[in-house]
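Participant: What follows is the file structure-v4.txt, containing compact mmCIF, C-alpha atoms and all ligand atoms:
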```
# COMPACT_ATOMS: atom_id res chain seq x y z
CA MET A 1 73.77 13.38 19.26
CA SER A 2 75.23 13.13 15.77
CA ALA A 3 73.26 11.60 12.89
CA SER A 4 76.46 10.49 11.20
CA LYS A 5 76.60 7.54 8.86
CA LEU A 6 79.24 6.08 11.18
CA PHE A 7 76.46 4.88 13.48
CA GLU A 8 74.37 3.21 10.81
CA SER A 9 74.33 -0.57 10.59
CA TYR A 10 76.06 -2.37 7.75
CA LYS A 11 75.49 -5.79 6.22
CA LEU A 12 78.83 -7.53 5.77
CA GLY A 13 78.16 -10.87 4.08
CA PRO A 14 75.94 -12.89 6.43
CA ILE A 15 76.41 -10.62 9.46
CA THR A 16 74.97 -7.22 10.31
CA LEU A 17 77.35 -4.83 11.99
CA SER A 18 75.72 -2.40 14.42
CA ASN A 19 77.79 0.53 13.15
CA ARG A 20 80.54 1.38 10.66
CA THR A 21 83.48 1.40 13.07
CA VAL A 22 86.08 -1.36 12.93
CA MET A 23 88.71 -2.07 15.55
CA ALA A 24 91.89 -2.46 13.48
CA PRO A 25 94.16 -5.46 14.08
CA LEU A 26 96.60 -4.47 16.85
CA THR A 27 99.62 -6.49 17.93
CA ARG A 28 99.82 -6.62 21.75
CA ASN A 29 102.39 -9.38 22.48
CA ARG A 30 100.63 -10.82 25.49
CA ALA A 31 100.16 -14.45 24.43
CA ILE A 32 100.92 -17.11 27.04
CA GLU A 33 102.72 -20.48 26.85
CA GLY A 34 102.10 -22.22 23.52
CA PHE A 35 101.26 -18.88 21.85
CA VAL A 36 97.75 -19.19 23.26
CA PRO A 37 95.84 -15.90 23.64
CA ASN A 38 96.16 -14.41 27.11
CA PRO A 39 93.06 -15.08 29.29
CA LEU A 40 92.87 -11.29 29.64
CA ALA A 41 92.22 -11.05 25.89
CA VAL A 42 88.70 -12.30 26.63
CA GLU A 43 87.98 -9.15 28.63
CA TYR A 44 90.00 -6.91 26.28
CA TYR A 45 88.02 -7.83 23.16
CA ALA A 46 84.66 -8.09 24.98
CA GLN A 47 85.17 -4.56 26.35
CA ARG A 48 85.41 -3.35 22.74
CA ALA A 49 82.43 -5.36 21.41
CA THR A 50 80.42 -2.21 20.61
CA ALA A 51 82.66 -1.69 17.57
CA GLY A 52 80.81 -2.71 14.41
CA LEU A 53 83.55 -5.27 13.75
CA LEU A 54 86.57 -6.33 15.78
CA ILE A 55 89.62 -7.64 13.95
CA THR A 56 92.02 -9.46 16.23
CA GLU A 57 95.71 -8.85 16.51
CA ALA A 58 97.69 -10.59 13.79
CA SER A 59 97.87 -14.33 14.60
CA GLN A 60 100.41 -16.63 13.02
CA ILE A 61 99.15 -19.50 10.87
CA SER A 62 102.18 -21.66 11.74
CA GLN A 63 105.34 -21.56 13.82
CA GLN A 64 107.20 -20.47 10.65
CA GLY A 65 104.81 -17.52 10.35
CA GLN A 66 105.83 -15.97 13.68
CA GLY A 67 108.21 -13.03 13.88
CA TYR A 68 107.88 -11.51 17.32
CA GLN A 69 107.72 -12.90 20.81
CA ASP A 70 104.39 -13.59 22.51
CA THR A 71 102.10 -13.21 19.50
CA PRO A 72 99.19 -15.67 19.42
CA GLY A 73 98.74 -18.43 16.89
CA ILE A 74 95.75 -20.18 15.31
CA TYR A 75 97.34 -23.52 14.41
CA THR A 76 97.03 -25.66 17.59
CA LYS A 77 94.07 -27.06 19.54
CA GLU A 78 95.08 -25.05 22.59
CA GLN A 79 95.15 -21.82 20.58
CA VAL A 80 91.71 -22.57 19.12
CA ALA A 81 90.36 -23.21 22.64
CA GLY A 82 91.86 -19.94 23.86
CA TRP A 83 90.30 -17.98 20.99
CA LYS A 84 86.91 -19.69 21.52
CA LYS A 85 86.65 -17.98 24.91
CA VAL A 86 87.28 -14.64 23.18
CA THR A 87 84.67 -15.13 20.45
CA ASP A 88 82.08 -16.40 22.97
CA ALA A 89 82.56 -13.30 25.13
CA VAL A 90 82.33 -10.94 22.13
CA HIS A 91 79.23 -12.66 20.78
CA ALA A 92 77.58 -12.63 24.23
CA LYS A 93 77.84 -8.84 24.03
CA GLY A 94 76.35 -8.74 20.53
CA GLY A 95 79.66 -8.03 18.78
CA HIS A 96 81.31 -9.51 15.69
CA ILE A 97 84.92 -10.59 15.35
CA PHE A 98 87.30 -11.67 12.58
CA ILE A 99 90.80 -13.04 13.18
CA GLN A 100 93.77 -11.73 11.20
CA LEU A 101 95.81 -14.56 9.63
CA TRP A 102 99.52 -13.76 9.61
CA HIS A 103 102.74 -15.03 8.13
CA VAL A 104 105.62 -12.61 8.72
CA GLY A 105 107.95 -14.05 6.08
CA ARG A 106 111.40 -12.50 6.48
CA ILE A 107 110.44 -10.29 9.45
CA SER A 108 111.53 -12.94 11.90
CA HIS A 109 114.43 -14.43 13.75
CA THR A 110 115.93 -17.91 13.80
CA SER A 111 115.12 -18.22 17.53
CA LEU A 112 111.40 -18.31 16.66
CA GLN A 113 111.68 -20.61 13.65
CA PRO A 114 111.19 -24.41 13.62
CA ASN A 115 114.55 -26.05 14.44
CA GLY A 116 116.20 -22.59 14.54
CA GLY A 117 116.12 -22.40 10.73
CA ALA A 118 116.13 -19.33 8.51
CA PRO A 119 112.89 -17.38 8.09
CA VAL A 120 111.37 -17.67 4.62
CA SER A 121 110.52 -15.06 2.02
CA ALA A 122 109.95 -14.65 -1.73
CA SER A 123 113.68 -14.13 -2.18
CA ALA A 124 116.74 -14.34 0.04
CA ILE A 125 116.90 -10.61 0.75
CA LYS A 126 117.34 -9.56 4.34
CA ALA A 127 115.08 -6.83 5.75
CA LYS A 128 116.82 -3.86 7.28
CA GLY A 129 115.32 -3.49 10.67
CA LYS A 130 114.60 -5.16 13.92
CA THR A 131 112.12 -7.52 15.37
CA TYR A 132 111.46 -8.13 19.07
CA VAL A 133 112.55 -11.48 20.50
CA ASN A 134 113.92 -12.62 23.87
CA ASN A 135 112.84 -9.27 25.32
CA THR A 136 115.21 -7.39 23.02
CA PHE A 137 114.99 -5.56 19.71
CA THR A 138 117.05 -7.84 17.45
CA GLU A 139 118.14 -7.66 13.80
CA THR A 140 115.91 -9.79 11.58
CA SER A 141 117.67 -12.96 10.38
CA GLU A 142 118.84 -13.59 6.83
CA PRO A 143 115.89 -15.29 5.08
CA ARG A 144 115.90 -18.06 2.48
CA ALA A 145 113.69 -18.09 -0.61
CA LEU A 146 110.75 -20.48 -0.39
CA GLU A 147 111.15 -23.44 -2.72
CA LEU A 148 108.44 -23.71 -5.35
CA SER A 149 107.60 -27.12 -3.88
CA GLU A 150 106.88 -25.52 -0.47
CA ILE A 151 104.18 -23.16 -1.73
CA PRO A 152 101.27 -25.64 -1.70
CA GLY A 153 102.07 -26.43 1.95
CA LEU A 154 102.12 -22.73 2.78
CA ILE A 155 98.69 -22.22 1.19
CA GLU A 156 97.49 -25.26 3.11
CA ASP A 157 98.63 -23.58 6.36
CA TYR A 158 96.39 -20.59 5.55
CA ARG A 159 93.51 -22.92 4.71
CA LYS A 160 93.87 -24.86 7.96
CA ALA A 161 94.16 -21.65 9.97
CA ALA A 162 90.90 -20.42 8.42
CA LYS A 163 89.23 -23.73 9.30
CA ASN A 164 90.52 -23.39 12.87
CA ALA A 165 89.20 -19.82 13.00
CA ILE A 166 85.66 -21.01 12.26
CA GLU A 167 86.06 -23.79 14.84
CA ALA A 168 87.11 -21.09 17.32
CA GLY A 169 83.84 -19.26 16.65
CA PHE A 170 85.12 -16.35 14.55
CA ASP A 171 82.69 -14.66 12.16
CA GLY A 172 85.40 -14.63 9.52
CA VAL A 173 89.07 -14.04 8.81
CA GLU A 174 91.21 -11.23 7.48
CA ILE A 175 94.20 -12.32 5.40
CA HIS A 176 97.16 -10.11 6.35
CA ALA A 177 98.68 -9.05 3.03
CA ALA A 178 100.01 -5.74 4.33
CA ASN A 179 102.87 -4.07 6.19
CA GLY A 180 105.85 -5.76 4.62
CA TYR A 181 105.01 -9.31 5.70
CA LEU A 182 105.15 -12.47 3.56
CA LEU A 183 102.30 -11.85 1.11
CA GLU A 184 103.49 -8.31 0.44
CA GLN A 185 107.07 -9.59 0.09
CA PHE A 186 105.78 -11.71 -2.79
CA ALA A 187 103.70 -8.91 -4.35
CA ARG A 188 106.28 -6.13 -4.56
CA ASP A 189 109.11 -6.27 -7.07
CA SER A 190 111.41 -4.67 -4.48
CA THR A 191 111.38 -7.89 -2.42
CA ASN A 192 110.48 -10.51 -5.01
CA LYS A 193 113.29 -11.44 -7.45
CA ARG A 194 111.96 -14.91 -8.26
CA THR A 195 112.17 -16.32 -11.77
CA ASP A 196 109.43 -18.96 -11.40
CA GLU A 197 105.67 -18.44 -11.77
CA TYR A 198 105.59 -16.53 -8.45
CA GLY A 199 108.00 -13.80 -9.61
CA GLY A 200 108.53 -11.35 -12.44
CA SER A 201 105.26 -10.08 -13.91
CA ILE A 202 102.51 -8.49 -11.83
CA GLU A 203 100.39 -11.54 -12.55
CA ASN A 204 103.08 -13.80 -11.11
CA ARG A 205 103.80 -11.65 -8.04
CA ALA A 206 100.07 -11.41 -7.24
CA ARG A 207 99.64 -15.17 -7.63
CA LEU A 208 100.32 -16.16 -4.01
CA ILE A 209 97.91 -13.57 -2.55
CA LEU A 210 95.17 -14.69 -4.93
CA GLU A 211 95.81 -18.40 -4.33
CA VAL A 212 95.67 -17.85 -0.57
CA ALA A 213 92.44 -15.85 -0.96
CA LYS A 214 90.95 -18.62 -3.08
CA ALA A 215 91.93 -21.38 -0.65
CA VAL A 216 90.60 -19.53 2.38
CA ALA A 217 87.37 -18.55 0.61
CA GLU A 218 86.83 -22.15 -0.54
CA GLU A 219 87.36 -23.37 3.01
CA ILE A 220 85.13 -20.95 4.97
CA GLY A 221 83.18 -18.98 2.33
CA ALA A 222 84.15 -15.81 0.48
CA GLU A 223 81.46 -13.97 2.45
CA ARG A 224 83.59 -14.58 5.57
CA THR A 225 86.94 -13.74 3.98
CA GLY A 226 88.47 -10.26 3.98
CA ILE A 227 92.00 -9.06 3.28
CA ARG A 228 94.26 -6.20 4.38
CA ILE A 229 96.58 -4.46 1.95
CA SER A 230 98.90 -1.45 2.21
CA PRO A 231 99.90 -0.46 -1.35
CA VAL A 232 102.58 2.11 -0.49
CA THR A 233 103.54 1.54 3.13
CA PRO A 234 107.27 1.51 3.90
CA ALA A 235 106.63 -0.62 7.01
CA ASN A 236 109.15 -3.37 7.69
CA ASP A 237 111.59 -2.23 5.01
CA ALA A 238 108.98 -2.64 2.28
CA ALA A 239 110.47 -0.51 -0.51
CA LEU A 240 107.88 0.76 -2.99
CA ASP A 241 106.93 -1.43 -5.89
CA SER A 242 107.91 0.06 -9.27
CA GLU A 243 104.20 0.27 -10.28
CA PRO A 244 102.08 0.14 -7.12
CA GLN A 245 98.89 1.32 -8.80
CA LYS A 246 98.99 -1.29 -11.53
CA LEU A 247 99.95 -3.99 -9.04
CA PHE A 248 97.15 -3.29 -6.59
CA ASP A 249 94.52 -2.62 -9.25
CA TYR A 250 95.36 -6.10 -10.58
CA ILE A 251 95.24 -7.67 -7.10
CA VAL A 252 91.87 -6.09 -6.36
CA ASP A 253 90.45 -7.33 -9.66
CA GLY A 254 91.60 -10.82 -8.68
CA LEU A 255 90.03 -10.52 -5.22
CA ASN A 256 86.77 -9.56 -6.92
CA ALA A 257 86.90 -12.77 -8.90
CA GLU A 258 87.19 -14.65 -5.58
CA LYS A 259 84.23 -12.60 -4.24
CA LEU A 260 85.98 -11.55 -1.03
CA VAL A 261 83.73 -9.72 1.38
CA TYR A 262 86.06 -6.79 2.04
CA ILE A 263 89.35 -5.11 1.35
CA HIS A 264 90.89 -3.27 4.28
CA VAL A 265 93.26 -0.65 3.00
CA VAL A 266 96.06 1.01 4.97
CA GLU A 267 96.19 4.36 3.19
CA GLY A 268 99.73 5.74 3.24
CA ALA A 269 102.44 4.78 5.73
CA THR A 270 101.16 2.44 8.43
CA GLY A 271 100.75 4.56 11.57
CA GLY A 272 102.33 7.50 9.74
CA PRO A 273 101.67 10.04 6.99
CA ARG A 274 98.68 9.29 4.76
CA ASP A 275 100.32 11.03 1.78
CA ILE A 276 103.72 9.29 1.82
CA ALA A 277 103.47 8.32 -1.87
CA PRO A 278 100.96 9.05 -4.60
CA PHE A 279 98.26 6.41 -4.88
CA ASP A 280 94.68 6.49 -6.11
CA TYR A 281 92.69 4.65 -3.43
CA ALA A 282 89.46 5.64 -5.19
CA SER A 283 90.53 3.34 -8.01
CA LEU A 284 90.50 0.37 -5.61
CA ARG A 285 87.23 1.52 -4.12
CA LYS A 286 85.65 1.73 -7.56
CA ARG A 287 86.95 -1.62 -8.79
CA PHE A 288 86.14 -3.69 -5.73
CA LYS A 289 82.60 -5.08 -5.49
CA GLY A 290 82.69 -5.87 -1.76
CA ALA A 291 83.11 -3.55 1.21
CA TYR A 292 85.97 -1.03 1.47
CA ILE A 293 87.41 -0.57 4.96
CA ALA A 294 89.56 2.54 5.17
CA ASN A 295 92.34 2.80 7.73
CA ASN A 296 95.20 4.95 8.89
CA GLY A 297 95.08 8.12 10.90
CA TYR A 298 91.29 8.46 10.87
CA ASP A 299 89.56 10.58 13.49
CA LEU A 300 85.83 11.18 13.82
CA ALA A 301 85.78 14.14 11.41
CA LEU A 302 87.71 12.40 8.64
CA ALA A 303 85.66 9.21 9.09
CA GLU A 304 82.39 11.11 8.74
CA LYS A 305 83.65 13.00 5.70
CA VAL A 306 84.82 9.87 3.88
CA LEU A 307 81.65 7.89 4.69
CA ALA A 308 79.40 10.78 3.63
CA ALA A 309 81.29 11.01 0.32
CA GLY A 310 80.83 7.27 -0.24
CA GLU A 311 84.61 6.76 -0.36
CA ALA A 312 84.48 3.90 2.17
CA ASP A 313 81.90 1.63 3.81
CA LEU A 314 83.64 1.12 7.13
CA ILE A 315 86.45 2.90 8.99
CA ALA A 316 89.07 1.10 11.06
CA PHE A 317 90.57 2.82 14.09
CA GLY A 318 93.64 1.44 15.86
CA LYS A 319 95.14 3.42 18.72
CA LEU A 320 91.80 5.08 19.48
CA PHE A 321 90.32 1.63 20.23
CA ILE A 322 93.29 0.67 22.39
CA ALA A 323 92.67 3.61 24.69
CA ASN A 324 88.87 3.82 24.43
CA SER A 325 86.94 0.57 24.73
CA ASP A 326 83.75 2.66 24.47
CA LEU A 327 84.97 4.60 21.43
CA VAL A 328 81.60 4.37 19.66
CA GLU A 329 79.79 5.93 22.62
CA ARG A 330 82.43 8.64 22.89
CA PHE A 331 82.10 9.44 19.20
CA LYS A 332 78.30 9.57 19.55
CA THR A 333 78.36 11.91 22.51
CA GLY A 334 81.40 13.97 21.60
CA ALA A 335 83.10 12.91 24.84
CA GLU A 336 86.80 13.42 25.35
CA LEU A 337 89.06 10.51 24.36
CA ASN A 338 91.60 8.75 26.59
CA LYS A 339 95.17 9.02 25.32
CA PRO A 340 96.89 5.77 24.29
CA ASP A 341 99.96 4.85 26.33
CA GLN A 342 102.64 3.72 23.85
CA ALA A 343 104.74 2.14 26.62
CA THR A 344 102.10 -0.55 27.19
CA PHE A 345 101.29 -1.37 23.54
CA TYR A 346 103.57 -4.39 23.24
CA GLY A 347 103.84 -6.92 26.06
CA GLY A 348 102.86 -6.66 29.71
CA SER A 349 99.60 -7.42 31.38
CA ALA A 350 96.37 -5.57 32.25
CA LYS A 351 98.02 -2.16 32.41
CA GLY A 352 97.29 -0.34 29.19
CA TYR A 353 95.27 -3.34 28.02
CA THR A 354 92.05 -3.79 29.96
CA ASP A 355 92.33 -0.90 32.43
CA TYR A 356 91.65 2.24 30.37
CA PRO A 357 88.69 3.90 32.14
CA THR A 358 85.33 3.93 30.38
CA LEU A 359 83.15 7.04 30.35
CA ALA A 360 80.86 5.42 32.90
CA GLU A 361 83.78 4.66 35.22
CA LYS A 362 85.08 8.22 34.88
CA LYS A 363 81.69 9.65 35.76
CA GLN A 364 81.43 7.40 38.77
CA ALA A 365 84.88 8.43 39.95
CA ALA A 366 83.89 12.10 39.64
CA GLU A 367 80.74 11.70 41.74
C1 LIG B 401 103.32 -3.67 15.42
C2 LIG B 401 104.28 -4.50 15.97
C3 LIG B 401 104.44 -5.78 15.50
C4 LIG B 401 103.65 -6.23 14.46
C5 LIG B 401 101.58 -5.05 11.57
C6 LIG B 401 101.29 -7.09 12.80
O1 LIG B 401 102.18 -3.99 11.43
C7 LIG B 401 101.84 -5.89 12.75
C8 LIG B 401 102.69 -5.40 13.87
C9 LIG B 401 102.53 -4.12 14.38
O2 LIG B 401 100.77 -5.44 10.73
```
Mind turning the file's structure into structure tokens?
Facilitator:
Amino acid sequence: MSASKLFESYKLGPITLSNRTVMAPLTRNRAIEGFVPNPLAVEYYAQRATAGLLITEASQISQQGQGYQDTPGIYTKEQVAGWKKVTDAVHAKGGHIFIQLWHVGRISHTSLQPNGGAPVSASAIKAKGKTYVNNTFTETSEPRALELSEIPGLIEDYRKAAKNAIEAGFDGVEIHAANGYLLEQFARDSTNKRTDEYGGSIENRARLILEVAKAVAEEIGAERTGIRISPVTPANDAALDSEPQKLFDYIVDGLNAEKLVYIHVVEGATGGPRDIAPFDYASLRKRFKGAYIANNGYDLALAEKVLAAGEADLIAFGKLFIANSDLVERFKTGAELNKPDQATFYGGSAKGYTDYPTLAEKKQAAE
């Protein structure tokens, strides 16, 4: 039995997590009619409730915020009712769960947009790359720049989604400001060419993220509001900002002012190399007064090392939690890990979703 810090409890705002593991947000494309979470999601998340904190798959805050087929939303009554079953099941097992609030911006396709319109972004610059719609990988559509007059309505969509999240029983929300989606499209100067108060200087490009953080925190409490950032990821054609360190130091200072409960940092290229571009994550860690959740390519050894050094408070694991619902127990006992099956990540049903064998089931099968 290891005496690692990973298995110590952690007070995150008003809730106490039973350990320092976090299940990272993981897109699974299994939503049903009306972009309501699949009934199987109840079992899927409940199976993983021994994580210190579960963060749901990214969930669109509006129809405009959707970019891929079969992702769940958090903007209708039916979606809220679907999520309530998930949060009830997780809480019944003693777990804690946040929902990730998502607007994809330009990473979308007209077929998913209201009235078949263009997806929106900071500027009318098309992303190179594909999204998945109508069961096919499809070029993203040419976006249009959001009008200045549309921005209050966009912030209102985040605020309403956060309100819905609390109604659905979530312990809090994570604002998705990572991986080349809308909020990052505004932050980076590679994708934001605006000339109004949301473009140009770092202060202007950070404005939307900070206004969204403020609105959400005002609605549900800063102690229930976290955010995910990915300062140097190339995901979704996100070319590097010209000054990523200055940009994200500024953003984190602003998040401090809003008293957010955590920053969740994708270190390096999402799902890829951790050292893709130079960046001083310790600077963010030092500046930010709330919790630091580290993510990207962590295994048990790296997690223990980083926690012991005080470089993070919590560690988020993605693929390892897909394949191992009892990941915490496996880490504790040094048990072998199941391998994730990439073919069943996106779309489908129970296969590769709720049917990975637990340690207990494996033992039983061997007897
Ligand atoms: C994989 C496939 C589709 C979306 C992200 C929400 O990267 C995603 C995502 C991941 O943040």
Participant: Could you jot down the atom CA of Glu267 of chain A to atom CA of Glu311 of chain A separation for me, Å, one decimal place?
Facilitator: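 Interatomic distance, atom CA of Glu267 of chain A to atom CA of Glu311 of chain A: 12.3 Å.
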Participant: Hey, could you make a per-residue contact list for chain A against ligand LIG 401 (chain B) with 9 Å as the cut-off, showing the nearest pair of atoms and its distance in Å to one decimal, counting all atoms listed in the file, sorted by chain and number, as JSON lines?
Facilitator:
```
{"residue": "A:Pro25", "atom": "CA", "partner": "B:LIG401", "partner_atom": "O2", "distance": 7.4}
{"residue": "A:Leu26", "atom": "CA", "partner": "B:LIG401", "partner_atom": "C9", "distance": 6.4}
{"residue": "A:Thr27", "atom": "CA", "partner": "B:LIG401", "partner_atom": "C9", "distance": 5.2}
{"residue": "A:Arg28", "atom": "CA", "partner": "B:LIG401", "partner_atom": "C2", "distance": 7.6}
{"residue": "A:Asn29", "atom": "CA", "partner": "B:LIG401", "partner_atom": "C3", "distance": 8.1}
{"residue": "A:Glu57", "atom": "CA", "partner": "B:LIG401", "partner_atom": "C6", "distance": 6.9}
{"residue": "A:Ala58", "atom": "CA", "partner": "B:LIG401", "partner_atom": "C6", "distance": 5.1}
{"residue": "A:Ser59", "atom": "CA", "partner": "B:LIG401", "partner_atom": "C6", "distance": 8.2}
{"residue": "A:Gly67", "atom": "CA", "partner": "B:LIG401", "partner_atom": "C4", "distance": 8.2}
{"residue": "A:Tyr68", "atom": "CA", "partner": "B:LIG401", "partner_atom": "C3", "distance": 6.9}
{"residue": "A:Thr71", "atom": "CA", "partner": "B:LIG401", "partner_atom": "C4", "distance": 8.7}
{"residue": "A:Gln100", "atom": "CA", "partner": "B:LIG401", "partner_atom": "C6", "distance": 9.0}
{"residue": "A:Trp102", "atom": "CA", "partner": "B:LIG401", "partner_atom": "C6", "distance": 7.6}
{"residue": "A:Val104", "atom": "CA", "partner": "B:LIG401", "partner_atom": "C6", "distance": 8.1}
{"residue": "A:Thr131", "atom": "CA", "partner": "B:LIG401", "partner_atom": "C3", "distance": 7.9}
{"residue": "A:Tyr132", "atom": "CA", "partner": "B:LIG401", "partner_atom": "C3", "distance": 8.2}
{"residue": "A:His176", "atom": "CA", "partner": "B:LIG401", "partner_atom": "O2", "distance": 7.4}
{"residue": "A:Ala177", "atom": "CA", "partner": "B:LIG401", "partner_atom": "O2", "distance": 8.8}
{"residue": "A:Ala178", "atom": "CA", "partner": "B:LIG401", "partner_atom": "O2", "distance": 6.5}
{"residue": "A:Asn179", "atom": "CA", "partner": "B:LIG401", "partner_atom": "O2", "distance": 5.2}
{"residue": "A:Gly180", "atom": "CA", "partner": "B:LIG401", "partner_atom": "O1", "distance": 7.9}
{"residue": "A:Tyr181", "atom": "CA", "partner": "B:LIG401", "partner_atom": "O2", "distance": 7.6}
{"residue": "A:Ala235", "atom": "CA", "partner": "B:LIG401", "partner_atom": "O1", "distance": 7.1}
{"residue": "A:Asn236", "atom": "CA", "partner": "B:LIG401", "partner_atom": "O1", "distance": 7.9}
{"residue": "A:Thr270", "atom": "CA", "partner": "B:LIG401", "partner_atom": "O1", "distance": 7.2}
{"residue": "A:Gly271", "atom": "CA", "partner": "B:LIG401", "partner_atom": "O1", "distance": 8.7}
{"residue": "A:Phe345", "atom": "CA", "partner": "B:LIG401", "partner_atom": "C1", "distance": 8.7}
{"residue": "A:Tyr346", "atom": "CA", "partner": "B:LIG401", "partner_atom": "C2", "distance": 7.3}
```
Participant: Can I get the selection written as a short mmCIF file (atom, residue, chain, number, x, y, z; two decimals), in the frame of the given file, with C-alpha atoms?
Facilitator:
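Heads up, here's the output in again05.cif:
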```
data_model
loop_
_atom_site.label_atom_id
_atom_site.label_comp_id
_atom_site.auth_asym_id
_atom_site.auth_seq_id
_atom_site.Cartn_x
_atom_site.Cartn_y
_atom_site.Cartn_z
CA PRO A 25 94.16 -5.46 14.08
CA LEU A 26 96.60 -4.47 16.85
CA THR A 27 99.62 -6.49 17.93
CA ARG A 28 99.82 -6.62 21.75
CA ASN A 29 102.39 -9.38 22.48
CA GLU A 57 95.71 -8.85 16.51
CA ALA A 58 97.69 -10.59 13.79
CA SER A 59 97.87 -14.33 14.60
CA GLY A 67 108.21 -13.03 13.88
CA TYR A 68 107.88 -11.51 17.32
CA THR A 71 102.10 -13.21 19.50
CA GLN A 100 93.77 -11.73 11.20
CA TRP A 102 99.52 -13.76 9.61
CA VAL A 104 105.62 -12.61 8.72
CA THR A 131 112.12 -7.52 15.37
CA TYR A 132 111.46 -8.13 19.07
CA HIS A 176 97.16 -10.11 6.35
CA ALA A 177 98.68 -9.05 3.03
CA ALA A 178 100.01 -5.74 4.33
CA ASN A 179 102.87 -4.07 6.19
CA GLY A 180 105.85 -5.76 4.62
CA TYR A 181 105.01 -9.31 5.70
CA ALA A 235 106.63 -0.62 7.01
CA ASN A 236 109.15 -3.37 7.69
CA THR A 270 101.16 2.44 8.43
CA GLY A 271 100.75 4.56 11.57
CA PHE A 345 101.29 -1.37 23.54
CA TYR A 346 103.57 -4.39 23.24
#
```
Participant: Provide the atom CA of Arg194 of chain A to atom CA of Ile125 of chain A distance in Å, to one decimal place.
Facilitator: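 It comes out at 11.1 Å.
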Participant: Rounded to one decimal, what separation in Å do you get between atom CA of Phe321 of chain A and atom CA of Met23 of chain A?
Facilitator: 6.2 Å
Participant: Of the residues A:Tyr10, A:Tyr292, A:Tyr250, A:Phe98, which is the one nearest to Leu54 of chain A, using all atoms listed in the file?
Facilitator: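 The shortest atom-to-atom distance to Leu54 of chain A comes from A:Phe98.
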Participant: Given all atoms listed in the file as the basis, pick out the residue of A:Val328, A:Ile15, A:Ile151, A:Ala161 nearest to Ile97 of chain A.
Facilitator: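 Of A:Val328, A:Ile15, A:Ile151, A:Ala161, the one nearest Ile97 of chain A is A:Ile15, counting all atoms listed in the file.
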Participant: Just checking: using all atoms listed in the file, which residue out of A:Ala316, A:Tyr158, A:Ala309, A:Pro231 ends up closest to Asp275 of chain A?
Facilitator: A:Pro231
Participant: Rank nothing, just name the residue among A:Glu184, A:Asp313, A:Glu167, A:Asp326 nearest to Glu219 of chain A, using all atoms listed in the file.
Facilitator: A:Glu167
Participant: With all atoms listed in the file as the basis for distance, which of A:Ile276, A:Leu210, A:Ala282, A:Val266 is at the shortest distance from Ile251 of chain A?
Facilitator: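 The shortest atom-to-atom distance to Ile251 of chain A comes from A:Leu210.
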Participant: Show me the residues around (105.6, 4.3, -0.3) - criterion: an atom at most 6 Å away, only C-alpha atoms counted - as a ChimeraX atom specification.
Facilitator: /A:232-234,240,276-277
Participant: Using C-alpha atoms, can you export the residues from the last selection as a compact mmCIF listing (two decimals), in the coordinates of the input?
Facilitator:
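Here's the written file again-v1.txt:
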```
# COMPACT_ATOMS: atom_id res chain seq x y z
CA VAL A 232 102.58 2.11 -0.49
CA THR A 233 103.54 1.54 3.13
CA PRO A 234 107.27 1.51 3.90
CA LEU A 240 107.88 0.76 -2.99
CA ILE A 276 103.72 9.29 1.82
CA ALA A 277 103.47 8.32 -1.87
```
Participant: Could you check which of A:Ile229, A:Leu182, A:Ala366, A:Leu359 is closest to Ser325 of chain A, using all atoms listed in the file?
Facilitator: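 The answer is A:Leu359, which sits nearest to Ser325 of chain A.
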Participant: Compile the contact shell of Val252 of chain A as a PDB file with C-alpha atoms, in the frame of the given file: residues with an atom at most 9 Å away, counting all atoms listed in the file, same-chain residues fewer than 3 positions apart removed.
Facilitator:
```
ATOM      1  CA  LEU A 247      99.950  -3.990  -9.040  1.00  0.00           C
ATOM      2  CA  PHE A 248      97.150  -3.290  -6.590  1.00  0.00           C
ATOM      3  CA  ASP A 249      94.520  -2.620  -9.250  1.00  0.00           C
ATOM      4  CA  LEU A 255      90.030 -10.520  -5.220  1.00  0.00           C
ATOM      5  CA  ASN A 256      86.770  -9.560  -6.920  1.00  0.00           C
ATOM      6  CA  ALA A 257      86.900 -12.770  -8.900  1.00  0.00           C
ATOM      7  CA  ILE A 263      89.350  -5.110   1.350  1.00  0.00           C
ATOM      8  CA  LEU A 284      90.500   0.370  -5.610  1.00  0.00           C
ATOM      9  CA  ARG A 287      86.950  -1.620  -8.790  1.00  0.00           C
ATOM     10  CA  PHE A 288      86.140  -3.690  -5.730  1.00  0.00           C
TER      11      PHE A 288
END
```
Participant: Could you give me the centre and size, in Å to one decimal, of an axis-aligned box around all listed atoms of segment 96-99 of chain A with 5 Å added on every side, as AutoDock Vina command-line options?
Facilitator:
```
--center_x 86.1 --center_y -11.3 --center_z 14.1 --size_x 19.5 --size_y 13.5 --size_z 13.1
```
Participant: Quick one: residues within 7 Å of Val173 of chain A, only C-alpha atoms counted, chain neighbours fewer than 6 positions away excluded, as a PDB file with C-alpha atoms, in the coordinates of the input?
Facilitator:
```pdb
ATOM      1  CA  PHE A  98      87.300 -11.670  12.580  1.00  0.00           C
ATOM      2  CA  ILE A  99      90.800 -13.040  13.180  1.00  0.00           C
ATOM      3  CA  GLN A 100      93.770 -11.730  11.200  1.00  0.00           C
ATOM      4  CA  LEU A 101      95.810 -14.560   9.630  1.00  0.00           C
ATOM      5  CA  ALA A 162      90.900 -20.420   8.420  1.00  0.00           C
ATOM      6  CA  ARG A 224      83.590 -14.580   5.570  1.00  0.00           C
ATOM      7  CA  THR A 225      86.940 -13.740   3.980  1.00  0.00           C
ATOM      8  CA  GLY A 226      88.470 -10.260   3.980  1.00  0.00           C
TER       9      GLY A 226
END
```
